[in-house]
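Asks: Hey, dropping input.csv in here, CSV, C-alpha atoms:
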chain,number,residue,atom,x,y,z
A,677,MET,CA,117.7,67.9,97.9
A,678,SER,CA,117.0,71.5,98.5
A,679,ASP,CA,118.3,74.3,100.8
A,680,VAL,CA,116.0,76.9,102.2
A,681,VAL,CA,117.5,80.1,103.5
A,682,GLU,CA,115.5,82.9,105.1
A,683,LEU,CA,116.8,86.5,105.4
A,684,THR,CA,115.0,89.3,107.2
A,685,ILE,CA,116.3,92.8,106.9
A,686,PRO,CA,115.1,96.3,107.7
A,687,VAL,CA,113.9,98.5,104.9
A,688,ARG,CA,117.2,100.2,104.3
A,689,SER,CA,118.9,100.6,101.0
A,690,ASP,CA,122.4,100.0,102.4
A,691,LEU,CA,121.3,96.5,103.5
A,692,LEU,CA,120.1,95.3,100.1
A,693,VAL,CA,123.6,94.1,99.5
A,694,LEU,CA,122.8,91.3,101.9
A,695,ALA,CA,120.0,90.2,99.8
A,696,ARG,CA,122.3,90.2,96.7
A,697,LEU,CA,125.1,88.4,98.6
A,698,THR,CA,122.8,85.6,99.7
A,699,ALA,CA,121.5,85.1,96.2
A,700,ALA,CA,125.0,85.0,94.8
A,701,ALA,CA,126.2,82.5,97.4
A,702,LEU,CA,123.3,80.1,96.8
A,703,ALA,CA,123.5,80.4,93.1
A,704,SER,CA,127.2,79.6,93.3
A,705,ARG,CA,126.4,76.5,95.3
A,706,ALA,CA,123.9,75.6,92.6
A,707,ASP,CA,126.7,75.8,90.0
A,708,PHE,CA,125.2,78.8,88.3
A,709,GLY,CA,127.6,80.5,85.9
A,710,ILE,CA,128.9,84.0,86.5
A,711,GLU,CA,126.4,85.6,84.2
A,712,ASP,CA,123.5,83.8,85.8
A,713,ILE,CA,124.7,84.9,89.2
A,714,GLU,CA,125.0,88.5,88.2
A,715,ASP,CA,121.5,88.4,86.7
A,716,LEU,CA,120.2,86.9,89.9
A,717,ARG,CA,121.9,89.6,92.0
A,718,LEU,CA,120.3,92.3,89.9
A,719,VAL,CA,116.9,90.5,89.9
A,720,VAL,CA,116.9,90.1,93.7
A,721,GLU,CA,117.6,93.8,94.2
A,722,GLU,CA,114.8,94.8,91.8
A,723,LEU,CA,112.5,92.2,93.5
A,724,CYS,CA,113.1,93.9,96.8
A,725,LEU,CA,112.6,97.4,95.4
A,726,SER,CA,109.4,96.4,93.6
A,727,VAL,CA,108.0,95.0,96.9
A,728,VAL,CA,109.2,97.9,99.1
A,729,GLY,CA,108.0,100.6,96.8
A,730,ASN,CA,107.9,103.9,98.6
A,731,GLU,CA,107.9,102.4,102.1
A,732,THR,CA,110.6,103.8,104.3
A,733,ASP,CA,110.2,101.5,107.3
A,734,GLY,CA,109.3,97.9,107.9
A,735,THR,CA,110.9,94.6,107.3
A,736,ILE,CA,111.8,92.7,104.1
A,737,HIS,CA,111.4,89.0,104.3
A,738,LEU,CA,113.3,86.9,101.8
A,739,GLN,CA,113.1,83.2,101.3
A,740,TYR,CA,115.6,81.5,99.0
A,741,THR,CA,115.2,77.9,97.9
A,742,ARG,CA,118.0,76.1,96.1
A,743,GLU,CA,117.1,73.0,94.3
A,744,ASP,CA,119.0,71.2,91.6
A,745,GLY,CA,119.8,73.9,89.0
A,746,LEU,CA,117.0,76.1,90.3
A,747,ILE,CA,116.8,79.1,92.6
A,748,THR,CA,113.5,80.4,93.9
A,749,VAL,CA,113.4,83.7,95.8
A,750,GLY,CA,110.3,85.0,97.5
A,751,CYS,CA,110.1,88.6,98.9
A,752,SER,CA,107.5,90.2,101.0
A,753,LEU,CA,107.3,93.3,103.2
A,754,SER,CA,105.8,93.8,106.7
A,755,ARG,CA,105.4,97.2,108.2
A,756,GLU,CA,106.0,97.8,111.9
A,757,GLY,CA,102.7,98.4,113.6
A,758,GLY,CA,100.8,98.0,110.3
A,759,SER,CA,97.1,98.5,110.6
A,760,ASP,CA,96.0,95.2,109.3
A,761,GLY,CA,99.2,93.3,108.5
A,762,ARG,CA,98.5,93.6,104.8
A,763,THR,CA,101.1,95.4,102.8
A,764,ASP,CA,101.3,96.2,99.2
A,765,GLY,CA,104.4,98.3,98.9
A,766,ARG,CA,104.4,98.3,95.1
A,767,ALA,CA,105.6,101.7,93.9
A,768,ASP,CA,103.8,103.4,91.1
A,769,GLY,CA,105.2,104.7,88.0
A,770,GLU,CA,108.4,104.4,86.1
A,771,ALA,CA,110.7,102.9,88.7
A,772,ASN,CA,108.4,100.0,89.3
A,773,ALA,CA,107.9,99.4,85.6
A,774,MET,CA,111.7,99.3,85.2
A,775,SER,CA,112.0,96.8,88.0
A,776,LEU,CA,109.4,94.5,86.5
A,777,ARG,CA,111.0,94.8,83.1
A,778,ILE,CA,114.4,93.7,84.4
A,779,ILE,CA,112.9,90.9,86.4
A,780,GLU,CA,110.8,89.5,83.5
A,781,ALA,CA,113.8,89.8,81.2
A,782,LEU,CA,116.2,87.8,83.4
A,783,VAL,CA,114.2,85.1,85.2
A,784,ASP,CA,112.3,82.0,84.0
A,785,GLU,CA,109.2,82.7,86.1
A,786,TYR,CA,107.9,85.6,88.1
A,787,GLY,CA,104.7,85.8,90.1
A,788,GLU,CA,102.9,87.0,93.2
A,789,ASN,CA,100.9,85.2,95.9
A,790,MET,CA,99.8,85.7,99.5
A,791,VAL,CA,102.0,84.4,102.3
A,792,ALA,CA,100.9,84.9,105.9
A,793,ASP,CA,98.6,87.7,104.8
A,794,ARG,CA,101.3,89.5,103.0
A,795,ARG,CA,101.8,89.9,99.3
A,796,GLN,CA,104.8,88.0,98.2
A,797,ALA,CA,106.6,88.5,94.9
A,798,TRP,CA,108.7,85.6,93.8
A,799,ILE,CA,111.0,84.6,91.0
A,800,ARG,CA,112.5,81.4,89.7
A,801,LYS,CA,115.7,81.2,87.8
A,802,ARG,CA,117.1,78.0,86.3
A,803,ARG,CA,120.8,77.4,85.7
A,804,SER,CA,121.7,78.0,82.1
A,805,LYS,CA,122.6,74.8,80.2
A,806,VAL,CA,126.0,76.1,79.4
A,807,ALA,CA,127.6,77.8,82.4
A,808,SER,CA,129.7,80.7,81.4
B,80,MET,CA,134.0,90.4,97.1
B,81,ASP,CA,135.1,94.0,97.5
B,82,LEU,CA,132.2,96.1,98.9
B,83,THR,CA,134.2,99.3,99.0
B,84,VAL,CA,132.5,102.1,97.1
B,85,GLU,CA,134.5,105.0,95.9
B,86,ILE,CA,134.3,107.9,93.5
B,87,ALA,CA,137.5,109.5,92.5
B,88,GLU,CA,137.9,112.5,90.2
B,89,LYS,CA,140.9,113.6,88.1
B,90,ARG,CA,141.5,115.7,85.1
B,91,ILE,CA,143.5,114.4,82.1
B,92,ASP,CA,144.2,117.2,79.6
B,93,ASP,CA,140.7,118.8,79.2
B,94,VAL,CA,138.8,115.7,80.2
B,95,LEU,CA,137.3,115.1,83.6
B,96,VAL,CA,137.4,111.5,84.6
B,97,GLU,CA,135.1,110.3,87.4
B,98,THR,CA,136.3,106.8,88.4
B,99,VAL,CA,133.5,104.8,90.1
B,100,THR,CA,134.3,101.6,91.9
B,101,GLY,CA,132.5,99.0,94.0
B,102,GLU,CA,128.9,97.9,94.3
B,103,ARG,CA,126.7,100.6,93.0
B,104,ASP,CA,123.0,100.5,94.0
B,105,VAL,CA,120.3,102.7,95.4
B,106,ALA,CA,122.3,103.3,98.6
B,107,THR,CA,125.3,104.7,96.8
B,108,ALA,CA,123.5,106.5,94.0
B,109,PRO,CA,123.0,109.9,95.7
B,110,GLU,CA,126.7,110.4,96.0
B,111,LEU,CA,127.2,109.9,92.3
B,112,ARG,CA,124.3,112.3,91.5
B,113,GLU,CA,125.7,114.9,93.8
B,114,ARG,CA,129.2,114.5,92.4
B,115,LEU,CA,128.0,115.0,88.8
B,116,VAL,CA,125.8,117.9,89.6
B,117,ALA,CA,128.6,119.6,91.5
B,118,GLN,CA,131.0,119.0,88.6
B,119,GLU,CA,128.5,120.6,86.2
B,120,ALA,CA,128.2,123.6,88.4
B,121,ASP,CA,131.9,124.1,88.1
B,122,GLY,CA,131.7,124.2,84.4
B,123,VAL,CA,131.1,121.9,81.4
B,124,LEU,CA,134.0,119.6,80.6
B,125,PRO,CA,134.0,116.5,78.5
B,126,THR,CA,133.5,113.8,81.1
B,127,VAL,CA,134.2,110.1,81.2
B,128,VAL,CA,132.6,108.1,83.9
B,129,ASP,CA,135.0,105.2,84.3
B,130,LEU,CA,132.9,102.1,85.4
B,131,THR,CA,135.6,99.5,84.8
B,132,GLY,CA,136.1,99.1,88.6
B,133,VAL,CA,132.4,98.6,89.2
B,134,SER,CA,131.4,95.1,90.5
B,135,PHE,CA,127.7,95.7,90.5
B,136,ILE,CA,125.5,98.4,89.1
B,137,ASP,CA,121.8,98.8,89.1
B,138,PRO,CA,119.5,101.0,87.0
B,139,THR,CA,119.5,103.7,89.6
B,140,ASP,CA,123.1,104.7,88.8
B,141,LEU,CA,122.5,104.3,85.1
B,142,GLY,CA,119.5,106.6,85.3
B,143,ILE,CA,121.6,109.2,87.0
B,144,LEU,CA,124.2,108.9,84.3
B,145,GLY,CA,121.6,109.2,81.6
B,146,THR,CA,120.2,112.3,83.2
B,147,ALA,CA,123.7,113.8,83.5
B,148,TYR,CA,124.3,112.9,79.9
B,149,ARG,CA,121.3,114.8,78.7
B,150,ARG,CA,122.2,117.8,80.9
B,151,GLN,CA,125.7,117.8,79.4
B,152,GLN,CA,124.3,117.6,75.9
B,153,ASP,CA,122.0,120.5,76.5
B,154,ALA,CA,124.9,122.5,77.8
B,155,GLY,CA,127.1,121.6,74.8
B,156,GLY,CA,129.2,119.1,76.6
B,157,CYS,CA,129.5,115.4,76.5
B,158,LEU,CA,129.6,112.5,78.9
B,159,ARG,CA,130.6,108.9,78.2
B,160,PRO,CA,130.6,105.9,80.5
B,161,ALA,CA,133.5,103.5,80.1
B,162,VAL,CA,132.8,99.9,80.8
B,163,SER,CA,134.6,96.7,80.1
B,164,GLU,CA,132.7,93.8,81.7
B,165,PRO,CA,129.9,92.3,79.6
B,166,ARG,CA,127.9,91.8,82.8
B,167,ILE,CA,128.0,95.5,83.5
B,168,LEU,CA,126.9,96.3,79.9
B,169,ASN,CA,124.1,93.8,80.3
B,170,VAL,CA,122.3,96.2,82.7
B,171,PRO,CA,121.8,99.1,80.3
B,172,GLU,CA,121.0,96.7,77.5
B,173,THR,CA,118.3,95.0,79.5
B,174,THR,CA,116.8,98.3,80.5
B,175,ASP,CA,117.3,100.1,77.1
B,176,LEU,CA,119.3,102.7,79.0
B,177,SER,CA,122.1,102.0,76.6
B,178,LYS,CA,120.1,103.9,74.0
B,179,VAL,CA,120.4,107.0,76.1
B,180,PHE,CA,124.2,107.2,75.5
B,181,SER,CA,125.7,107.9,72.2
B,182,GLY,CA,128.4,105.4,73.0
B,183,PHE,CA,130.7,103.9,75.6
B,184,ALA,CA,134.3,104.9,75.9
B,185,PRO,CA,136.7,102.0,75.5
B,186,ALA,CA,137.9,100.5,78.7
B,187,GLY,CA,141.5,100.9,79.5
B,188,GLU,CA,141.9,104.1,77.6
B,189,PRO,CA,138.7,105.9,78.5
B,190,VAL,CA,139.9,109.4,78.0
B,191,ARG,CA,141.1,108.9,74.5
B,192,GLY,CA,137.9,107.1,73.4
Once more with this new file: its structure as structure tokens, please.
Replies:
Amino acid sequence: MSDVVELTIPVRSDLLVLARLTAAALASRADFGIEDIEDLRLVVEELCLSVVGNETDGTIHLQYTREDGLITVGCSLSREGGSDGRTDGRADGEANAMSLRIIEALVDEYGENMVADRRQAWIRKRRSKVAS
Amino acid sequence: MDLTVEIAEKRIDDVLVETVTGERDVATAPELRERLVAQEADGVLPTVVDLTGVSFIDPTDLGILGTAYRRQQDAGGCLRPAVSEPRILNVPETTDLSKVFSGFAPAGEPVRG
């Protein structure tokens, strides 16, 4: 059994809390421990920032999938009135490197693919064997 | 979950204590930066940034603290963050930002650390 939750938010830093809250709620339902939940909250924020990059408008699309002991989060960006619908909001430089470093340190899998002509970054995090 | 975000300032003896609470992220970081820069403009004081009431912190705020720490060092001052929760400490350790600071003030008695 799995749950799929989709969240769409404008590109606004003060709304990233919604992405974190959703991740925490689903991870809690998947019996993740507090440390795993906190890691996931941080990872989801960094995932959004890595996808948004320097964009200041548009819409962030998040898809959360909860399976037994596993959370998958996909994140993509669409710009309002984008010229060709393709977006690659990845920021250059140190900030993006920091985001990727955090993501890779805290998740089991990280990748990118194309979804509906948009680049999507995704992560998978499994529940630790010993919940803390 | 308390989403209230606040920064409070007080002086204890000759130490400035900036108490930061709530969820700290890219949206709230500018306030912390402005607060620390304004405090430096008023003069260099030993500073403790008390993060024991923080429920979430991302590298943006830690980067701001790191930059303020270096500025304080250059000016002959000092800045120490005070943390208690392992999950808050986990962020600087993951990002190596913990190496920026010479140490963390002990939680509970941050000023005397």
Asks: From the set A:Ser704, A:Ser726, A:Asn789, A:Ser678, which residue has the shortest atom-to-atom contact distance to Arg777 of chain A, counting all atoms listed in the file?
Replies: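 Answer, going by the shortest atom-to-atom distance: A:Ser726.
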Asks: Go ahead and compute the interatomic distance for atom CA of Met677 of chain A and atom CA of Trp798 of chain A, in Å to one decimal.
Replies: 20.3 Å
Asks: Considering all atoms listed in the file, can you say which of A:Glu780, A:Asp744, A:Glu731, A:Glu785 comes closest to chain B?
Replies: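 The closest residue to chain B is A:Glu780.
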Asks: Atom CA of Ile779 of chain A to atom CA of Val693 of chain A: how many Å, to one decimal?
Replies: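 Between these atoms lies a distance of 17.2 Å.
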Asks: Do me a favour and pick out the residues of chain A within 8 Å of chain B, using all atoms listed in the file, as a ChimeraX atom specification.
Replies: /A:689-690,711,714,718,774,777-778,781
Asks: Record the distance separating atom CA of Glu721 of chain A and atom CA of Thr126 of chain B, expressed in Å with one decimal.
Replies: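 We find that atom CA of Glu721 of chain A and atom CA of Thr126 of chain B lie 28.7 Å from each other.
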Asks: Write out as a ChimeraX atom specification each polymer residue whose atoms come within 8 Å of Gly734 of chain A, counting only C-alpha atoms; drop sequence neighbours fewer than 4 positions from it.
Replies: /A:686-687,753-756
Asks: Here is a test: counting all atoms listed in the file, which residue of A:Leu692, A:Val728, A:Val680, A:Val791 is nearest to Val749 of chain A?
Replies: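 Checking each of A:Leu692, A:Val728, A:Val680, A:Val791 against Val749 of chain A, counting all atoms listed in the file, the winner is A:Val680.
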Asks: May I ask which of the residues B:Gln118, B:Phe180, B:Pro125, B:Val133 is the closest one to Tyr148 of chain B, counting only C-alpha atoms?
Replies: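 When distances to Tyr148 of chain B are compared using only C-alpha atoms, the smallest one comes from B:Phe180.
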Asks: Excluding Val123 of chain B and residues on its chain fewer than 6 positions from it, collect all residues at most 8 Å away from it, counting all atoms listed in the file, and give them as a list of chain:residue names.
Replies: B:Gln151, B:Ala154, B:Gly155, B:Gly156
Asks: Could you take the residues named above and write them with C-alpha atoms, as an mmCIF file, in the coordinates of the input?
Replies:
data_model
loop_
_atom_site.group_PDB
_atom_site.id
_atom_site.type_symbol
_atom_site.label_atom_id
_atom_site.label_comp_id
_atom_site.auth_asym_id
_atom_site.auth_seq_id
_atom_site.Cartn_x
_atom_site.Cartn_y
_atom_site.Cartn_z
ATOM 1 C CA GLN B 151 125.700 117.800 79.400
ATOM 2 C CA ALA B 154 124.900 122.500 77.800
ATOM 3 C CA GLY B 155 127.100 121.600 74.800
ATOM 4 C CA GLY B 156 129.200 119.100 76.600
#
Asks: Would you mind telling me which residue in B:Arg150, B:Val127, B:Leu144, B:Thr100 lies nearest to Arg112 of chain B when using all atoms listed in the file?
Replies: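 Result for the nearest residue to Arg112 of chain B: B:Leu144.
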Asks: Restricting the calculation to only C-alpha atoms, which member of B:Glu88, B:Glu119, B:Asp129, B:Asp93 is positioned closest to Ala147 of chain B?
Replies: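 Between B:Glu88, B:Glu119, B:Asp129, B:Asp93, the residue approaching Ala147 of chain B most closely is B:Glu119.
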